[in-house]
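Scroll down for the structure; my scribbles are underneath it.
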Amino acid sequence: MSSNQSKATKTYVITALFAALIFLATAYILHIPTPATGGYIHLGDSFLYLAASILPTPFAVIAGGIGEALSDALTGSVIYALPTLVIKSIMVLCFSSVGKKIITKRNIVAAVAAGLICMGGYYLTEAVIYRNFLSPLVEIPANLIQAGASAVIYILIGNALDRLNMKERIGANL
């Protein structure tokens, strides 16, 4: 197997692992339903942020979009699966995987921007689904909690992985 094939295989495997981790963290780990709109609070976004900080952008988009949308499809929120695929894919674009570190100033700002994109995206999604712009306001506090918790978890795990030089160990720029 050539070096390029080996590198590609490693990238595909890590992408698949992230998609699975994002799915599990979104669907089952601290999955708290919000009855008002049928959504839920989860920490899957923290792993989406990690994927976006480690994988090349197209692969992070695939891992995040598939992991999060699959979670909606398999946990009773099917109506959100397609919007989730779009929203989470856009969120990934805030991050940079360039360099040897996961946690950089840019990626900390990206976590805030991604949280705002998430809140805005789901607000618009729910406004379309419920055909008004007032009822989705009830979800904003839950979305703020999710965005804030996901950013904190991302920073904590990212710092731990940076101390272990994880990006360098797996091939910094896959």
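In the structure tokens, each chain is lettered A, B, ... as it comes, each chain's residues begin at 1, and ligands are numbered from 1 in order of appearance.
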Show which residues sit within 8 Å of segment 103-116 of chain A, as a PDB file with N, CA and C atoms, in the first residue's frame. Count only C-alpha atoms, and ignore same-chain residues fewer than 4 positions away.
ATOM      1  N   TYR A  49     -17.152  19.709  16.937  1.00  0.00           N
ATOM      2  CA  TYR A  49     -16.092  20.731  16.970  1.00  0.00           C
ATOM      3  C   TYR A  49     -14.710  20.076  16.941  1.00  0.00           C
ATOM      4  N   SER A  53     -11.801  20.386  14.050  1.00  0.00           N
ATOM      5  CA  SER A  53     -10.474  20.892  14.402  1.00  0.00           C
ATOM      6  C   SER A  53      -9.359  19.901  14.067  1.00  0.00           C
ATOM      7  N   MET A  91     -21.857  24.679  10.477  1.00  0.00           N
ATOM      8  CA  MET A  91     -21.116  24.919  11.719  1.00  0.00           C
ATOM      9  C   MET A  91     -19.652  24.495  11.598  1.00  0.00           C
ATOM     10  N   VAL A  92     -19.404  23.383  10.928  1.00  0.00           N
ATOM     11  CA  VAL A  92     -18.042  22.868  10.747  1.00  0.00           C
ATOM     12  C   VAL A  92     -17.158  23.900  10.044  1.00  0.00           C
ATOM     13  N   CYS A  94     -16.764  26.897  10.391  1.00  0.00           N
ATOM     14  CA  CYS A  94     -16.190  27.927  11.266  1.00  0.00           C
ATOM     15  C   CYS A  94     -14.781  27.566  11.741  1.00  0.00           C
ATOM     16  N   PHE A  95     -14.471  26.286  11.768  1.00  0.00           N
ATOM     17  CA  PHE A  95     -13.242  25.796  12.396  1.00  0.00           C
ATOM     18  C   PHE A  95     -12.108  25.628  11.397  1.00  0.00           C
ATOM     19  N   SER A  96     -10.893  25.515  11.955  1.00  0.00           N
ATOM     20  CA  SER A  96      -9.713  25.247  11.139  1.00  0.00           C
ATOM     21  C   SER A  96      -8.994  24.033  11.712  1.00  0.00           C
ATOM     22  N   GLY A 120     -29.498  30.006  15.493  1.00  0.00           N
ATOM     23  CA  GLY A 120     -30.208  30.666  14.398  1.00  0.00           C
ATOM     24  C   GLY A 120     -30.806  29.681  13.417  1.00  0.00           C
ATOM     25  N   LEU A 144     -29.021  27.710  24.063  1.00  0.00           N
ATOM     26  CA  LEU A 144     -27.896  28.397  24.710  1.00  0.00           C
ATOM     27  C   LEU A 144     -27.141  27.458  25.641  1.00  0.00           C
ATOM     28  N   ALA A 147     -25.194  24.995  23.442  1.00  0.00           N
ATOM     29  CA  ALA A 147     -24.050  25.644  22.799  1.00  0.00           C
ATOM     30  C   ALA A 147     -22.931  25.911  23.806  1.00  0.00           C
ATOM     31  N   GLY A 148     -23.300  26.430  24.958  1.00  0.00           N
ATOM     32  CA  GLY A 148     -22.294  26.725  25.983  1.00  0.00           C
ATOM     33  C   GLY A 148     -21.621  25.469  26.517  1.00  0.00           C
ATOM     34  N   ALA A 151     -19.300  23.932  23.883  1.00  0.00           N
ATOM     35  CA  ALA A 151     -18.054  24.693  23.754  1.00  0.00           C
ATOM     36  C   ALA A 151     -17.099  24.383  24.907  1.00  0.00           C
ATOM     37  N   ILE A 155     -13.466  22.512  24.558  1.00  0.00           N
ATOM     38  CA  ILE A 155     -12.223  23.136  25.014  1.00  0.00           C
ATOM     39  C   ILE A 155     -11.498  22.224  26.009  1.00  0.00           C
ATOM     40  N   GLY A 158     -10.316  19.111  24.008  1.00  0.00           N
ATOM     41  CA  GLY A 158      -9.298  19.576  23.071  1.00  0.00           C
ATOM     42  C   GLY A 158      -7.986  19.900  23.751  1.00  0.00           C
ATOM     43  N   ASN A 159      -8.040  20.567  24.904  1.00  0.00           N
ATOM     44  CA  ASN A 159      -6.818  20.868  25.654  1.00  0.00           C
ATOM     45  C   ASN A 159      -6.131  19.584  26.121  1.00  0.00           C
ATOM     46  N   ASP A 162      -4.532  18.075  23.160  1.00  0.00           N
ATOM     47  CA  ASP A 162      -3.350  18.867  22.788  1.00  0.00           C
ATOM     48  C   ASP A 162      -2.162  18.541  23.690  1.00  0.00           C
TER      49      ASP A 162
END
Spatial neighbours of Tyr122 of chain A, 12 Å, only C-alpha atoms, chain gap at least 2 places, as a PDB file with N, CA and C atoms, in the first residue's frame:
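Below is the file part01.pdb, written as the result:
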ATOM      1  N   THR A  37     -40.770  21.667  21.419  1.00  0.00           N
ATOM      2  CA  THR A  37     -40.682  21.560  19.964  1.00  0.00           C
ATOM      3  C   THR A  37     -40.250  20.180  19.482  1.00  0.00           C
ATOM      4  N   GLY A  38     -39.966  19.280  20.388  1.00  0.00           N
ATOM      5  CA  GLY A  38     -39.543  17.948  19.982  1.00  0.00           C
ATOM      6  C   GLY A  38     -38.044  17.832  19.766  1.00  0.00           C
ATOM      7  N   GLY A  39     -37.298  18.876  20.049  1.00  0.00           N
ATOM      8  CA  GLY A  39     -35.843  18.822  19.940  1.00  0.00           C
ATOM      9  C   GLY A  39     -35.241  18.223  21.204  1.00  0.00           C
ATOM     10  N   TYR A  40     -33.926  18.364  21.350  1.00  0.00           N
ATOM     11  CA  TYR A  40     -33.275  17.853  22.542  1.00  0.00           C
ATOM     12  C   TYR A  40     -31.923  18.520  22.738  1.00  0.00           C
ATOM     13  N   ILE A  79     -38.100  14.837  11.493  1.00  0.00           N
ATOM     14  CA  ILE A  79     -38.392  16.102  10.810  1.00  0.00           C
ATOM     15  C   ILE A  79     -37.177  17.040  10.819  1.00  0.00           C
ATOM     16  N   TYR A  80     -36.276  16.848  11.786  1.00  0.00           N
ATOM     17  CA  TYR A  80     -35.102  17.707  11.905  1.00  0.00           C
ATOM     18  C   TYR A  80     -33.884  17.165  11.151  1.00  0.00           C
ATOM     19  N   ALA A  81     -33.931  15.946  10.637  1.00  0.00           N
ATOM     20  CA  ALA A  81     -32.737  15.316  10.064  1.00  0.00           C
ATOM     21  C   ALA A  81     -32.116  16.128   8.925  1.00  0.00           C
ATOM     22  N   LEU A  82     -32.901  16.542   7.962  1.00  0.00           N
ATOM     23  CA  LEU A  82     -32.349  17.309   6.842  1.00  0.00           C
ATOM     24  C   LEU A  82     -31.851  18.695   7.283  1.00  0.00           C
ATOM     25  N   PRO A  83     -32.653  19.457   8.060  1.00  0.00           N
ATOM     26  CA  PRO A  83     -32.108  20.731   8.546  1.00  0.00           C
ATOM     27  C   PRO A  83     -30.836  20.542   9.378  1.00  0.00           C
ATOM     28  N   THR A  84     -30.788  19.480  10.171  1.00  0.00           N
ATOM     29  CA  THR A  84     -29.592  19.208  10.969  1.00  0.00           C
ATOM     30  C   THR A  84     -28.390  18.963  10.075  1.00  0.00           C
ATOM     31  N   LEU A  85     -28.561  18.191   9.018  1.00  0.00           N
ATOM     32  CA  LEU A  85     -27.479  17.934   8.081  1.00  0.00           C
ATOM     33  C   LEU A  85     -26.905  19.252   7.551  1.00  0.00           C
ATOM     34  N   VAL A  86     -27.772  20.182   7.206  1.00  0.00           N
ATOM     35  CA  VAL A  86     -27.342  21.477   6.668  1.00  0.00           C
ATOM     36  C   VAL A  86     -26.711  22.345   7.757  1.00  0.00           C
ATOM     37  N   ILE A  87     -27.399  22.480   8.894  1.00  0.00           N
ATOM     38  CA  ILE A  87     -26.923  23.355   9.970  1.00  0.00           C
ATOM     39  C   ILE A  87     -25.571  22.890  10.499  1.00  0.00           C
ATOM     40  N   LYS A  88     -25.449  21.602  10.783  1.00  0.00           N
ATOM     41  CA  LYS A  88     -24.195  21.085  11.347  1.00  0.00           C
ATOM     42  C   LYS A  88     -23.060  21.170  10.338  1.00  0.00           C
ATOM     43  N   GLY A 115     -22.067  27.938  17.701  1.00  0.00           N
ATOM     44  CA  GLY A 115     -23.223  27.935  18.605  1.00  0.00           C
ATOM     45  C   GLY A 115     -24.296  28.906  18.138  1.00  0.00           C
ATOM     46  N   LEU A 116     -23.885  30.068  17.673  1.00  0.00           N
ATOM     47  CA  LEU A 116     -24.846  31.060  17.160  1.00  0.00           C
ATOM     48  C   LEU A 116     -25.509  30.568  15.875  1.00  0.00           C
ATOM     49  N   ILE A 117     -24.728  29.923  15.006  1.00  0.00           N
ATOM     50  CA  ILE A 117     -25.288  29.354  13.773  1.00  0.00           C
ATOM     51  C   ILE A 117     -26.311  28.282  14.128  1.00  0.00           C
ATOM     52  N   CYS A 118     -25.983  27.465  15.101  1.00  0.00           N
ATOM     53  CA  CYS A 118     -26.890  26.399  15.539  1.00  0.00           C
ATOM     54  C   CYS A 118     -28.208  26.990  16.049  1.00  0.00           C
ATOM     55  N   MET A 119     -28.104  27.978  16.916  1.00  0.00           N
ATOM     56  CA  MET A 119     -29.321  28.599  17.463  1.00  0.00           C
ATOM     57  C   MET A 119     -30.149  29.262  16.363  1.00  0.00           C
ATOM     58  N   GLY A 120     -29.498  30.006  15.493  1.00  0.00           N
ATOM     59  CA  GLY A 120     -30.208  30.666  14.398  1.00  0.00           C
ATOM     60  C   GLY A 120     -30.806  29.681  13.417  1.00  0.00           C
ATOM     61  N   LEU A 124     -34.874  29.237  12.748  1.00  0.00           N
ATOM     62  CA  LEU A 124     -35.501  29.330  11.420  1.00  0.00           C
ATOM     63  C   LEU A 124     -36.198  28.028  11.028  1.00  0.00           C
ATOM     64  N   THR A 125     -35.563  26.904  11.336  1.00  0.00           N
ATOM     65  CA  THR A 125     -36.179  25.604  11.046  1.00  0.00           C
ATOM     66  C   THR A 125     -37.520  25.475  11.748  1.00  0.00           C
ATOM     67  N   GLU A 126     -37.541  25.811  13.028  1.00  0.00           N
ATOM     68  CA  GLU A 126     -38.779  25.682  13.798  1.00  0.00           C
ATOM     69  C   GLU A 126     -39.811  26.720  13.378  1.00  0.00           C
ATOM     70  N   ALA A 127     -39.369  27.892  12.957  1.00  0.00           N
ATOM     71  CA  ALA A 127     -40.309  28.899  12.460  1.00  0.00           C
ATOM     72  C   ALA A 127     -41.022  28.381  11.214  1.00  0.00           C
ATOM     73  N   VAL A 128     -40.283  27.669  10.361  1.00  0.00           N
ATOM     74  CA  VAL A 128     -40.889  27.083   9.160  1.00  0.00           C
ATOM     75  C   VAL A 128     -41.808  25.921   9.550  1.00  0.00           C
ATOM     76  N   ILE A 129     -41.323  25.042  10.409  1.00  0.00           N
ATOM     77  CA  ILE A 129     -42.116  23.871  10.807  1.00  0.00           C
ATOM     78  C   ILE A 129     -43.418  24.286  11.490  1.00  0.00           C
ATOM     79  N   TYR A 130     -43.329  25.239  12.418  1.00  0.00           N
ATOM     80  CA  TYR A 130     -44.509  25.637  13.200  1.00  0.00           C
ATOM     81  C   TYR A 130     -45.246  26.840  12.615  1.00  0.00           C
ATOM     82  N   PHE A 133     -43.030  32.775  13.999  1.00  0.00           N
ATOM     83  CA  PHE A 133     -41.715  33.152  14.504  1.00  0.00           C
ATOM     84  C   PHE A 133     -41.697  33.324  16.012  1.00  0.00           C
ATOM     85  N   SER A 135     -43.231  30.892  18.483  1.00  0.00           N
ATOM     86  CA  SER A 135     -43.080  29.648  19.252  1.00  0.00           C
ATOM     87  C   SER A 135     -41.639  29.132  19.324  1.00  0.00           C
ATOM     88  N   PRO A 136     -40.791  29.310  18.313  1.00  0.00           N
ATOM     89  CA  PRO A 136     -39.411  28.821  18.440  1.00  0.00           C
ATOM     90  C   PRO A 136     -38.588  29.562  19.500  1.00  0.00           C
ATOM     91  N   LEU A 137     -39.069  30.711  19.944  1.00  0.00           N
ATOM     92  CA  LEU A 137     -38.333  31.451  20.975  1.00  0.00           C
ATOM     93  C   LEU A 137     -38.182  30.643  22.263  1.00  0.00           C
ATOM     94  N   VAL A 138     -39.110  29.724  22.500  1.00  0.00           N
ATOM     95  CA  VAL A 138     -39.072  28.917  23.720  1.00  0.00           C
ATOM     96  C   VAL A 138     -37.842  28.001  23.748  1.00  0.00           C
ATOM     97  N   GLU A 139     -37.276  27.688  22.595  1.00  0.00           N
ATOM     98  CA  GLU A 139     -36.113  26.806  22.508  1.00  0.00           C
ATOM     99  C   GLU A 139     -34.785  27.528  22.720  1.00  0.00           C
ATOM    100  N   ILE A 140     -34.775  28.840  22.659  1.00  0.00           N
ATOM    101  CA  ILE A 140     -33.505  29.574  22.749  1.00  0.00           C
ATOM    102  C   ILE A 140     -32.739  29.281  24.039  1.00  0.00           C
ATOM    103  N   ALA A 142     -32.673  26.538  25.894  1.00  0.00           N
ATOM    104  CA  ALA A 142     -32.100  25.192  25.774  1.00  0.00           C
ATOM    105  C   ALA A 142     -30.952  25.188  24.772  1.00  0.00           C
ATOM    106  N   ASN A 143     -31.104  25.907  23.670  1.00  0.00           N
ATOM    107  CA  ASN A 143     -30.034  25.977  22.675  1.00  0.00           C
ATOM    108  C   ASN A 143     -28.803  26.703  23.224  1.00  0.00           C
ATOM    109  N   LEU A 144     -29.021  27.710  24.063  1.00  0.00           N
ATOM    110  CA  LEU A 144     -27.896  28.397  24.710  1.00  0.00           C
ATOM    111  C   LEU A 144     -27.141  27.458  25.641  1.00  0.00           C
TER     112      LEU A 144
END
**Request:** State, in Å with one decimal place, the distance from atom CA of Leu48 of chain A to atom CA of Thr26 of chain A.
**Result:** 9.8 Å
**Request:** Name the residues of segment 64-154 of chain A that come out as alpha helix (DSSP H) in a backbone DSSP run; write them as a ChimeraX atom specification.
**Result:** /A:64-74,81-92,105-130,140-154
**Request:** Could you give me, as a list of chain:residue names, the residues within 12 Å of Tyr12 of chain A, counting only C-alpha atoms and dropping anything in the same chain fewer than 5 positions from it?
**Result:**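 Returned residues: A:Gln5, A:Ser6, A:Lys7, A:Leu17, A:Phe18, A:Ala19, A:Leu55, A:Pro56, A:Pro58, A:Phe59, A:Ala60, A:Ile62, A:Ala63, A:Leu174.
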**Request:** Determine which residues of segment 34-148 of chain A receive a DSSP assignment of strand (DSSP E or B), computed from the backbone, and state them as a VMD selection string.
**Result:** chain A and resid 34 39 to 41
Output C-alpha atoms for every residue in the selection just made, as a PDB file, in the first residue's frame.
ATOM      1  CA  THR A  34     -37.167  19.537  25.093  1.00  0.00           C
ATOM      2  CA  GLY A  39     -35.843  18.822  19.940  1.00  0.00           C
ATOM      3  CA  TYR A  40     -33.275  17.853  22.542  1.00  0.00           C
ATOM      4  CA  ILE A  41     -30.181  19.050  24.362  1.00  0.00           C
TER       5      ILE A  41
END
**Prompt:** Using only C-alpha atoms, which of the listed residues (A:Ser2, A:Ser46, A:Asn132, A:Thr11) sits closest to Glu68 of chain A?
**Reply:**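 Of the candidates, the smallest distance to Glu68 of chain A is held by A:Ser46.
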**Prompt:** Got a sec: who's within 10 Å of Ile170 of chain A, counting only C-alpha atoms, leaving out chain neighbours fewer than 6 positions off, as number ranges by chain?
**Reply:** A: 10-11, 14, 54
**Request:** Could you give me, as a list in words, the residues within 7 Å of Thr57 of chain A, counting only C-alpha atoms and dropping anything in the same chain fewer than 4 positions from it?
**Result:** Ala52, Val61 and Leu93 of chain A
Can those selected residues be exported to a file as an mmCIF file, in the first residue's frame so that it contains C-alpha atoms?
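Done, and the output landed in again.cif:
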data_model
loop_
_atom_site.group_PDB
_atom_site.id
_atom_site.type_symbol
_atom_site.label_atom_id
_atom_site.label_comp_id
_atom_site.auth_asym_id
_atom_site.auth_seq_id
_atom_site.Cartn_x
_atom_site.Cartn_y
_atom_site.Cartn_z
ATOM 1 C CA ALA A 52 -13.742 20.062 12.607
ATOM 2 C CA VAL A 61 -18.575 18.047 7.204
ATOM 3 C CA LEU A 93 -16.972 25.609 8.328
#
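All residues of protein, DNA or RNA that reach within 7 Å of Gly67 of chain A, judged by only C-alpha atoms and not counting those fewer than 5 positions away in the chain, are Ala19, Ala20, Ile22 and Phe23 of chain A.
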**Asked** atom CA of Ala73 of chain A and atom CA of Ile157 of chain A, how far apart in Å?
**Response**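 Separating atom CA of Ile157 of chain A from atom CA of Ala73 of chain A is a distance of 27.1 Å.
Shortest separation to Lys101 of chain A among A:Val13, A:Leu74, A:Leu50, A:Ala27 occurs at residue A:Leu50, atoms counted being only C-alpha atoms.
Pairwise distance (atom CA of Leu30 of chain A, atom CA of His42 of chain A) equals 5.7 Å.
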